[in-house]
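J.: Below you'll find the structure I mean.
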Amino acid sequence: MACSRLKWAHDASHKGTSMTHIGMIGIGMMGHGIASNLLKHGNHLTVLEHAGNQPLDTLMAAGAQTCSTPQTLAALSDIIILCVTGTPQVEAVLLGDDGVLKGLRPGTVVIDCSTAVPASTEKVAALVMAQGGQFLDSPMTRTPKEAAEGRLNLLVGGDAALFERCRPILACFAENIVHTGPIGSGHRMKLLHNYVSLGTVTLLAEAAACAQRAGVDASTFVEVLSKGGGWGAALDRLKPTLLSGDTSGLRFSMSNALKDLSYYNQMASDTHADHTVAQAVKTTLETACREGDPNALVPELIALLAKRPSP
């Protein structure tokens, strides 16, 4: 399907106004919320057609258009937001035969909201800028719930002046926006955050599984941790699973958790930092993905670990 941005540009020229046209690649659980909020704030949005997208009906009803290739989307966009799974997908949509770089116009800003390996981020950013584009890495924290509410946290790496110029767009879907430093620093901070967050969840899941096997009442387990050193966001997200079996408190798959821990371990290795504990968390998630459903939500790790016999 051809994009209709040209009509918007034509309309703008007649009104004597300048409109920003946003292209977005990756309308998954997080991306759908971002796209919805961009539209709510009156932005003109074009999204890439892809089998991995969430249903686009509500977005198109709100005015979103679609494109069939990243190249076409890039040629029609002033800002391009990426919200894909990880480094291989970022590199594919930017560098592929019909990728963004094939259609990128001078001055276009690429904002990568994905979780990626920082070394790759620096590489693709250099390629974008060599072609006259601009680049920010802007990974997210929080969940699809906050994405839908326009309340994400963003960790933004890149030129400070460019960051300030793009802040109004980012504020359409984020509550807390932190400039972390130069290109790549956003992705570094995201991996540090997710290691601490997912590492704590994994630790709690292992403890909860041990509690089950030891006959400790789940409500007692939650109450004692909540009133002591175990209190925190990780416990709050696992609490519905522990008390009622509801896994919706953390809508994050074990395969995604493994991806993030793998990226963290790679970053730590690249910087010669100790990652003994991180490697153990990664091993736990690798085993869980191998023994169970990789697409299962992270809270399901509790049941899986409770069933697993000790080594």
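In the structure tokens, chains take the letters A, B, ... in the order shown, each chain's residues start at 1, and ligands count up from 1 in the order shown.
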Using only C-alpha atoms, determine which residues lie at most 6 Å from stretch 84-92 of chain A, disregarding the query and same-chain residues fewer than 4 positions distant; provide the list as a PyMOL selection string.
T.: chain A and resi 26+96+114-116
J.: Dump as JSON lines the rows for residues of stretch 154-203 of chain A within 12 Å of stretch 247-255 of chain A: closest atom pair and distance in Å with one decimal, only C-alpha atoms counted, ordered by chain and rising residue number.
T.:
{"residue": "A:Asn194", "atom": "CA", "partner": "A:Phe252", "partner_atom": "CA", "distance": 11.5}
{"residue": "A:Ser197", "atom": "CA", "partner": "A:Leu250", "partner_atom": "CA", "distance": 11.3}
{"residue": "A:Leu198", "atom": "CA", "partner": "A:Phe252", "partner_atom": "CA", "distance": 9.8}
{"residue": "A:Val201", "atom": "CA", "partner": "A:Leu250", "partner_atom": "CA", "distance": 9.8}
{"residue": "A:Thr202", "atom": "CA", "partner": "A:Met254", "partner_atom": "CA", "distance": 10.3}
J.: Kindly export the residues of the current selection with all heavy atoms, as a PDB file, in the first residue's frame.
T.:
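Result file follows (out.pdb):
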ATOM      1  N   ASN A 194      17.332  -3.339  33.109  1.00  0.00           N
ATOM      2  CA  ASN A 194      16.637  -4.611  32.944  1.00  0.00           C
ATOM      3  C   ASN A 194      17.355  -5.756  33.647  1.00  0.00           C
ATOM      4  O   ASN A 194      16.718  -6.707  34.098  1.00  0.00           O
ATOM      5  CB  ASN A 194      16.431  -4.922  31.459  1.00  0.00           C
ATOM      6  CG  ASN A 194      15.214  -4.223  30.913  1.00  0.00           C
ATOM      7  OD1 ASN A 194      14.772  -3.213  31.466  1.00  0.00           O
ATOM      8  ND2 ASN A 194      14.654  -4.733  29.830  1.00  0.00           N
ATOM      9  N   SER A 197      16.158  -5.274  37.197  1.00  0.00           N
ATOM     10  CA  SER A 197      14.727  -5.578  37.295  1.00  0.00           C
ATOM     11  C   SER A 197      14.459  -7.070  37.099  1.00  0.00           C
ATOM     12  O   SER A 197      13.843  -7.729  37.950  1.00  0.00           O
ATOM     13  CB  SER A 197      13.975  -4.759  36.254  1.00  0.00           C
ATOM     14  OG  SER A 197      12.613  -5.117  36.224  1.00  0.00           O
ATOM     15  N   LEU A 198      14.913  -7.615  35.972  1.00  0.00           N
ATOM     16  CA  LEU A 198      14.648  -9.025  35.665  1.00  0.00           C
ATOM     17  C   LEU A 198      15.454  -9.958  36.566  1.00  0.00           C
ATOM     18  O   LEU A 198      14.997 -11.062  36.890  1.00  0.00           O
ATOM     19  CB  LEU A 198      14.955  -9.307  34.202  1.00  0.00           C
ATOM     20  CG  LEU A 198      14.025  -8.607  33.204  1.00  0.00           C
ATOM     21  CD1 LEU A 198      14.584  -8.722  31.792  1.00  0.00           C
ATOM     22  CD2 LEU A 198      12.620  -9.179  33.273  1.00  0.00           C
ATOM     23  N   VAL A 201      13.426 -10.178  39.701  1.00  0.00           N
ATOM     24  CA  VAL A 201      12.248 -11.025  39.471  1.00  0.00           C
ATOM     25  C   VAL A 201      12.652 -12.496  39.451  1.00  0.00           C
ATOM     26  O   VAL A 201      11.971 -13.350  40.038  1.00  0.00           O
ATOM     27  CB  VAL A 201      11.563 -10.631  38.145  1.00  0.00           C
ATOM     28  CG1 VAL A 201      10.552 -11.690  37.717  1.00  0.00           C
ATOM     29  CG2 VAL A 201      10.863  -9.282  38.288  1.00  0.00           C
ATOM     30  N   THR A 202      13.755 -12.814  38.780  1.00  0.00           N
ATOM     31  CA  THR A 202      14.215 -14.208  38.701  1.00  0.00           C
ATOM     32  C   THR A 202      14.589 -14.728  40.088  1.00  0.00           C
ATOM     33  O   THR A 202      14.254 -15.863  40.457  1.00  0.00           O
ATOM     34  CB  THR A 202      15.407 -14.314  37.742  1.00  0.00           C
ATOM     35  OG1 THR A 202      15.030 -13.808  36.459  1.00  0.00           O
ATOM     36  CG2 THR A 202      15.867 -15.764  37.587  1.00  0.00           C
TER      37      THR A 202
END
J.: Which neighbours of A:Glu300 fall inside 9 Å, counting only C-alpha atoms, when residues of the same chain fewer than 4 positions from it are skipped, and could you give them as a PDB file with all heavy atoms, in the first residue's frame?
T.:
ATOM      1  N   ALA A 205      11.408 -15.365  41.936  1.00  0.00           N
ATOM      2  CA  ALA A 205      10.736 -16.551  41.411  1.00  0.00           C
ATOM      3  C   ALA A 205      11.371 -17.816  41.964  1.00  0.00           C
ATOM      4  O   ALA A 205      10.663 -18.771  42.344  1.00  0.00           O
ATOM      5  CB  ALA A 205      10.786 -16.554  39.884  1.00  0.00           C
ATOM      6  N   THR A 241       0.521 -13.358  40.790  1.00  0.00           N
ATOM      7  CA  THR A 241       0.805 -14.765  40.470  1.00  0.00           C
ATOM      8  C   THR A 241       0.900 -15.589  41.742  1.00  0.00           C
ATOM      9  O   THR A 241       0.342 -16.690  41.839  1.00  0.00           O
ATOM     10  CB  THR A 241       2.128 -14.878  39.685  1.00  0.00           C
ATOM     11  OG1 THR A 241       2.065 -14.022  38.553  1.00  0.00           O
ATOM     12  CG2 THR A 241       2.375 -16.307  39.237  1.00  0.00           C
ATOM     13  N   GLY A 245      -2.465 -16.815  41.030  1.00  0.00           N
ATOM     14  CA  GLY A 245      -2.116 -17.448  39.753  1.00  0.00           C
ATOM     15  C   GLY A 245      -2.274 -16.542  38.547  1.00  0.00           C
ATOM     16  O   GLY A 245      -2.117 -16.974  37.409  1.00  0.00           O
ATOM     17  N   THR A 247      -0.973 -14.091  35.992  1.00  0.00           N
ATOM     18  CA  THR A 247       0.363 -13.750  35.499  1.00  0.00           C
ATOM     19  C   THR A 247       0.418 -12.402  34.778  1.00  0.00           C
ATOM     20  O   THR A 247       1.454 -12.036  34.222  1.00  0.00           O
ATOM     21  CB  THR A 247       0.878 -14.833  34.537  1.00  0.00           C
ATOM     22  OG1 THR A 247      -0.013 -14.937  33.415  1.00  0.00           O
ATOM     23  CG2 THR A 247       0.976 -16.186  35.231  1.00  0.00           C
ATOM     24  N   MET A 254       9.467 -14.823  28.647  1.00  0.00           N
ATOM     25  CA  MET A 254      10.753 -15.354  29.083  1.00  0.00           C
ATOM     26  C   MET A 254      11.794 -15.251  27.972  1.00  0.00           C
ATOM     27  O   MET A 254      12.982 -15.045  28.242  1.00  0.00           O
ATOM     28  CB  MET A 254      10.586 -16.788  29.576  1.00  0.00           C
ATOM     29  CG  MET A 254       9.952 -16.848  30.952  1.00  0.00           C
ATOM     30  SD  MET A 254      10.122 -18.417  31.794  1.00  0.00           S
ATOM     31  CE  MET A 254       8.674 -19.273  31.190  1.00  0.00           C
ATOM     32  N   ALA A 296       6.005 -17.910  27.107  1.00  0.00           N
ATOM     33  CA  ALA A 296       5.289 -17.771  28.374  1.00  0.00           C
ATOM     34  C   ALA A 296       5.756 -16.516  29.095  1.00  0.00           C
ATOM     35  O   ALA A 296       6.899 -16.068  28.937  1.00  0.00           O
ATOM     36  CB  ALA A 296       5.523 -18.997  29.250  1.00  0.00           C
ATOM     37  N   LEU A 304       7.362 -23.185  36.914  1.00  0.00           N
ATOM     38  CA  LEU A 304       8.343 -24.036  36.252  1.00  0.00           C
ATOM     39  C   LEU A 304       9.456 -24.431  37.217  1.00  0.00           C
ATOM     40  O   LEU A 304       9.860 -25.605  37.285  1.00  0.00           O
ATOM     41  CB  LEU A 304       8.915 -23.300  35.033  1.00  0.00           C
ATOM     42  CG  LEU A 304       9.745 -24.117  34.043  1.00  0.00           C
ATOM     43  CD1 LEU A 304       9.620 -23.521  32.651  1.00  0.00           C
ATOM     44  CD2 LEU A 304      11.214 -24.155  34.443  1.00  0.00           C
ATOM     45  N   LEU A 305       9.932 -23.469  37.987  1.00  0.00           N
ATOM     46  CA  LEU A 305      11.022 -23.765  38.942  1.00  0.00           C
ATOM     47  C   LEU A 305      10.528 -24.654  40.081  1.00  0.00           C
ATOM     48  O   LEU A 305      11.258 -25.493  40.589  1.00  0.00           O
ATOM     49  CB  LEU A 305      11.588 -22.469  39.503  1.00  0.00           C
ATOM     50  CG  LEU A 305      12.358 -21.587  38.523  1.00  0.00           C
ATOM     51  CD1 LEU A 305      12.763 -20.270  39.187  1.00  0.00           C
ATOM     52  CD2 LEU A 305      13.580 -22.301  37.979  1.00  0.00           C
TER      53      LEU A 305
END
J.: Dump as a tab-separated table the rows for residues of stretch 88-133 of chain A within 12 Å of stretch 187-193 of chain A: closest atom pair and distance in Å with one decimal, only C-alpha atoms counted, ordered by chain and rising residue number.
T.:
residue	atom	partner	partner_atom	distance
A:Ile111	CA	A:His187	CA	11.9
A:Asp112	CA	A:His187	CA	9.3
A:Cys113	CA	A:His187	CA	9.0
A:Ser114	CA	A:His187	CA	8.4
A:Thr115	CA	A:His187	CA	6.4
A:Ala116	CA	A:His187	CA	6.2
A:Val117	CA	A:His187	CA	7.0
A:Pro118	CA	A:His187	CA	5.7
A:Ala119	CA	A:His187	CA	9.5
A:Ser120	CA	A:His187	CA	10.1
A:Thr121	CA	A:His187	CA	7.8
A:Glu122	CA	A:His187	CA	10.0
J.: I'd like the interatomic distance between atom CA of A:Ala125 and atom CA of A:Phe163, to a tenth of an Å.
T.: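 Atom-to-atom, atom CA of A:Ala125 to atom CA of A:Phe163, that is 14.5 Å.
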J.: Name the residues of stretch 17-228 of chain A that fall into strand (DSSP E or B) according to DSSP on the backbone, using the chain letters and numbers of this document, as a PyMOL selection string.
T.: chain A and resi 21-25+44-48+65-67+79-82+109-112+134-137+140-141+152-157+174-181
J.: Name all residues at most 6 Å from stretch 172-178 of chain A (count only C-alpha atoms; drop same-chain ones fewer than 3 positions away) and give them as a VMD selection string.
T.: chain A and resid 34 37 to 38 150 to 155 169
J.: Which of stretch 84-310 of chain A end up as alpha helix (DSSP H) when DSSP is run on this backbone - answer as a PDB file with C-alpha atoms, in the first residue's frame?
T.:
ATOM      1  CA  THR A  87      19.558  -5.795  17.616  1.00  0.00           C
ATOM      2  CA  PRO A  88      19.029  -8.178  14.649  1.00  0.00           C
ATOM      3  CA  GLN A  89      15.677  -6.555  13.878  1.00  0.00           C
ATOM      4  CA  VAL A  90      17.059  -3.005  14.228  1.00  0.00           C
ATOM      5  CA  GLU A  91      19.882  -3.804  11.832  1.00  0.00           C
ATOM      6  CA  ALA A  92      17.498  -5.494   9.381  1.00  0.00           C
ATOM      7  CA  VAL A  93      15.023  -2.603   9.159  1.00  0.00           C
ATOM      8  CA  LEU A  94      17.789  -0.010   8.884  1.00  0.00           C
ATOM      9  CA  LEU A  95      20.347  -1.785   6.714  1.00  0.00           C
ATOM     10  CA  VAL A 100      15.406   2.737   6.093  1.00  0.00           C
ATOM     11  CA  LEU A 101      18.837   3.827   4.838  1.00  0.00           C
ATOM     12  CA  LYS A 102      17.704   3.261   1.251  1.00  0.00           C
ATOM     13  CA  GLY A 103      15.048   5.961   1.624  1.00  0.00           C
ATOM     14  CA  PRO A 118      25.196  -0.700  22.492  1.00  0.00           C
ATOM     15  CA  ALA A 119      28.069  -1.552  20.137  1.00  0.00           C
ATOM     16  CA  SER A 120      25.545  -2.154  17.340  1.00  0.00           C
ATOM     17  CA  THR A 121      23.706   1.058  18.260  1.00  0.00           C
ATOM     18  CA  GLU A 122      26.882   3.066  17.769  1.00  0.00           C
ATOM     19  CA  LYS A 123      27.521   1.335  14.434  1.00  0.00           C
ATOM     20  CA  VAL A 124      24.074   1.930  12.949  1.00  0.00           C
ATOM     21  CA  ALA A 125      23.964   5.497  14.294  1.00  0.00           C
ATOM     22  CA  ALA A 126      27.203   6.255  12.451  1.00  0.00           C
ATOM     23  CA  LEU A 127      25.691   4.897   9.229  1.00  0.00           C
ATOM     24  CA  VAL A 128      22.539   6.981   9.682  1.00  0.00           C
ATOM     25  CA  MET A 129      24.562  10.126  10.273  1.00  0.00           C
ATOM     26  CA  ALA A 130      26.901   9.399   7.361  1.00  0.00           C
ATOM     27  CA  PRO A 144       2.450  -2.242  27.778  1.00  0.00           C
ATOM     28  CA  LYS A 145      -0.039  -0.858  30.311  1.00  0.00           C
ATOM     29  CA  GLU A 146       1.999   2.335  30.744  1.00  0.00           C
ATOM     30  CA  ALA A 147       2.666   2.441  26.989  1.00  0.00           C
ATOM     31  CA  ALA A 148      -1.089   2.562  26.384  1.00  0.00           C
ATOM     32  CA  GLU A 149      -1.432   5.262  29.056  1.00  0.00           C
ATOM     33  CA  ALA A 160      21.715  17.207  23.762  1.00  0.00           C
ATOM     34  CA  ALA A 161      20.314  19.787  21.344  1.00  0.00           C
ATOM     35  CA  LEU A 162      18.664  17.099  19.222  1.00  0.00           C
ATOM     36  CA  PHE A 163      17.235  15.543  22.382  1.00  0.00           C
ATOM     37  CA  GLU A 164      15.619  18.848  23.370  1.00  0.00           C
ATOM     38  CA  ARG A 165      14.212  19.314  19.875  1.00  0.00           C
ATOM     39  CA  CYS A 166      12.637  15.857  19.956  1.00  0.00           C
ATOM     40  CA  ARG A 167      11.427  16.022  23.560  1.00  0.00           C
ATOM     41  CA  PRO A 168       7.871  17.182  22.609  1.00  0.00           C
ATOM     42  CA  ILE A 169       7.428  14.078  20.428  1.00  0.00           C
ATOM     43  CA  LEU A 170       8.802  11.804  23.143  1.00  0.00           C
ATOM     44  CA  SER A 185      24.251   5.485  26.628  1.00  0.00           C
ATOM     45  CA  GLY A 186      20.489   5.005  26.532  1.00  0.00           C
ATOM     46  CA  HIS A 187      20.860   1.370  25.562  1.00  0.00           C
ATOM     47  CA  ARG A 188      23.581   0.859  28.153  1.00  0.00           C
ATOM     48  CA  MET A 189      21.338   2.253  30.883  1.00  0.00           C
ATOM     49  CA  LYS A 190      18.396   0.155  29.657  1.00  0.00           C
ATOM     50  CA  LEU A 191      20.443  -3.034  29.935  1.00  0.00           C
ATOM     51  CA  LEU A 192      21.595  -2.074  33.417  1.00  0.00           C
ATOM     52  CA  HIS A 193      17.977  -1.375  34.399  1.00  0.00           C
ATOM     53  CA  ASN A 194      16.637  -4.611  32.944  1.00  0.00           C
ATOM     54  CA  TYR A 195      19.384  -6.677  34.515  1.00  0.00           C
ATOM     55  CA  VAL A 196      18.489  -5.304  37.945  1.00  0.00           C
ATOM     56  CA  SER A 197      14.727  -5.578  37.295  1.00  0.00           C
ATOM     57  CA  LEU A 198      14.648  -9.025  35.665  1.00  0.00           C
ATOM     58  CA  GLY A 199      17.429 -10.313  37.893  1.00  0.00           C
ATOM     59  CA  THR A 200      15.371  -9.421  40.960  1.00  0.00           C
ATOM     60  CA  VAL A 201      12.248 -11.025  39.471  1.00  0.00           C
ATOM     61  CA  THR A 202      14.215 -14.208  38.701  1.00  0.00           C
ATOM     62  CA  LEU A 203      15.618 -14.303  42.236  1.00  0.00           C
ATOM     63  CA  LEU A 204      12.134 -13.870  43.714  1.00  0.00           C
ATOM     64  CA  ALA A 205      10.736 -16.551  41.411  1.00  0.00           C
ATOM     65  CA  GLU A 206      13.368 -19.001  42.592  1.00  0.00           C
ATOM     66  CA  ALA A 207      12.674 -18.115  46.233  1.00  0.00           C
ATOM     67  CA  ALA A 208       8.913 -18.467  45.688  1.00  0.00           C
ATOM     68  CA  ALA A 209       9.425 -21.880  44.099  1.00  0.00           C
ATOM     69  CA  CYS A 210      11.510 -22.951  47.078  1.00  0.00           C
ATOM     70  CA  ALA A 211       8.789 -21.639  49.402  1.00  0.00           C
ATOM     71  CA  GLN A 212       6.191 -23.774  47.614  1.00  0.00           C
ATOM     72  CA  ARG A 213       8.298 -26.910  47.894  1.00  0.00           C
ATOM     73  CA  ALA A 214       9.019 -26.138  51.559  1.00  0.00           C
ATOM     74  CA  ALA A 218       2.165 -17.944  49.633  1.00  0.00           C
ATOM     75  CA  SER A 219       0.328 -15.150  51.437  1.00  0.00           C
ATOM     76  CA  THR A 220       2.764 -15.380  54.340  1.00  0.00           C
ATOM     77  CA  PHE A 221       5.681 -15.286  51.902  1.00  0.00           C
ATOM     78  CA  VAL A 222       4.310 -12.124  50.283  1.00  0.00           C
ATOM     79  CA  GLU A 223       3.414 -10.441  53.583  1.00  0.00           C
ATOM     80  CA  VAL A 224       6.821 -10.982  55.173  1.00  0.00           C
ATOM     81  CA  LEU A 225       8.759  -9.828  52.110  1.00  0.00           C
ATOM     82  CA  SER A 226       6.468  -6.814  51.680  1.00  0.00           C
ATOM     83  CA  ALA A 233       8.485  -3.378  42.189  1.00  0.00           C
ATOM     84  CA  ALA A 234       9.528  -6.961  41.405  1.00  0.00           C
ATOM     85  CA  LEU A 235       7.470  -8.354  44.287  1.00  0.00           C
ATOM     86  CA  ASP A 236       4.501  -6.167  43.353  1.00  0.00           C
ATOM     87  CA  ARG A 237       4.563  -7.545  39.810  1.00  0.00           C
ATOM     88  CA  LEU A 238       4.786 -11.156  41.002  1.00  0.00           C
ATOM     89  CA  LYS A 239       2.238 -10.768  43.809  1.00  0.00           C
ATOM     90  CA  PRO A 240      -0.846 -11.544  41.643  1.00  0.00           C
ATOM     91  CA  THR A 241       0.805 -14.765  40.470  1.00  0.00           C
ATOM     92  CA  LEU A 242       1.783 -15.793  43.978  1.00  0.00           C
ATOM     93  CA  LEU A 243      -1.633 -15.080  45.503  1.00  0.00           C
ATOM     94  CA  SER A 244      -4.047 -16.043  42.725  1.00  0.00           C
ATOM     95  CA  MET A 254      10.753 -15.354  29.083  1.00  0.00           C
ATOM     96  CA  SER A 255      12.336 -15.225  25.620  1.00  0.00           C
ATOM     97  CA  ASN A 256      12.493 -11.426  25.820  1.00  0.00           C
ATOM     98  CA  ALA A 257      13.939 -11.637  29.317  1.00  0.00           C
ATOM     99  CA  LEU A 258      16.598 -14.040  28.044  1.00  0.00           C
ATOM    100  CA  LYS A 259      17.366 -11.675  25.159  1.00  0.00           C
ATOM    101  CA  ASP A 260      17.873  -8.750  27.517  1.00  0.00           C
ATOM    102  CA  LEU A 261      20.077 -10.746  29.881  1.00  0.00           C
ATOM    103  CA  SER A 262      22.109 -11.984  26.922  1.00  0.00           C
ATOM    104  CA  TYR A 263      22.633  -8.392  25.774  1.00  0.00           C
ATOM    105  CA  TYR A 264      23.612  -7.355  29.296  1.00  0.00           C
ATOM    106  CA  ASN A 265      26.146 -10.157  29.578  1.00  0.00           C
ATOM    107  CA  GLN A 266      27.583  -9.184  26.198  1.00  0.00           C
ATOM    108  CA  MET A 267      27.885  -5.548  27.290  1.00  0.00           C
ATOM    109  CA  ALA A 268      29.536  -6.560  30.558  1.00  0.00           C
ATOM    110  CA  SER A 269      31.948  -8.824  28.692  1.00  0.00           C
ATOM    111  CA  ASP A 270      32.752  -6.053  26.195  1.00  0.00           C
ATOM    112  CA  THR A 276      28.939 -13.748  37.565  1.00  0.00           C
ATOM    113  CA  VAL A 277      25.419 -13.181  38.918  1.00  0.00           C
ATOM    114  CA  ALA A 278      24.142 -11.989  35.534  1.00  0.00           C
ATOM    115  CA  GLN A 279      25.415 -15.167  33.926  1.00  0.00           C
ATOM    116  CA  ALA A 280      23.540 -17.229  36.530  1.00  0.00           C
ATOM    117  CA  VAL A 281      20.306 -15.329  35.805  1.00  0.00           C
ATOM    118  CA  LYS A 282      20.841 -15.866  32.087  1.00  0.00           C
ATOM    119  CA  THR A 283      21.389 -19.618  32.659  1.00  0.00           C
ATOM    120  CA  THR A 284      18.135 -19.844  34.656  1.00  0.00           C
ATOM    121  CA  LEU A 285      16.213 -18.151  31.830  1.00  0.00           C
ATOM    122  CA  GLU A 286      17.920 -20.273  29.161  1.00  0.00           C
ATOM    123  CA  THR A 287      16.875 -23.434  30.989  1.00  0.00           C
ATOM    124  CA  ALA A 288      13.324 -22.124  31.453  1.00  0.00           C
ATOM    125  CA  CYS A 289      12.995 -21.356  27.733  1.00  0.00           C
ATOM    126  CA  ARG A 290      14.353 -24.793  26.876  1.00  0.00           C
ATOM    127  CA  GLU A 291      12.121 -26.688  29.322  1.00  0.00           C
ATOM    128  CA  LEU A 301       8.875 -19.051  35.891  1.00  0.00           C
ATOM    129  CA  ILE A 302       7.683 -19.663  39.468  1.00  0.00           C
ATOM    130  CA  ALA A 303       5.640 -22.735  38.549  1.00  0.00           C
ATOM    131  CA  LEU A 304       8.343 -24.036  36.252  1.00  0.00           C
ATOM    132  CA  LEU A 305      11.022 -23.765  38.942  1.00  0.00           C
ATOM    133  CA  ALA A 306       8.711 -25.301  41.552  1.00  0.00           C
ATOM    134  CA  LYS A 307       8.321 -28.407  39.394  1.00  0.00           C
TER     135      LYS A 307
END
J.: From the list A:Cys83, A:Leu45, A:Lys40, A:His21, which residue is nearest A:Thr108 when using only C-alpha atoms?
T.: A:His21
J.: Report the distance between atom CA of A:Val110 and atom CA of A:Pro182 in Å, rounded to one decimal place.
T.: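 About the pair atom CA of A:Val110 and atom CA of A:Pro182: they are 14.7 Å apart.
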J.: Do you know which residues are at most 10 Å from A:Ala62 counting only C-alpha atoms, after dropping those on the same chain fewer than 3 positions away, and could you put them as a PyMOL selection string?
T.: chain A and resi 36+39-40+42+44-45+56-59+65
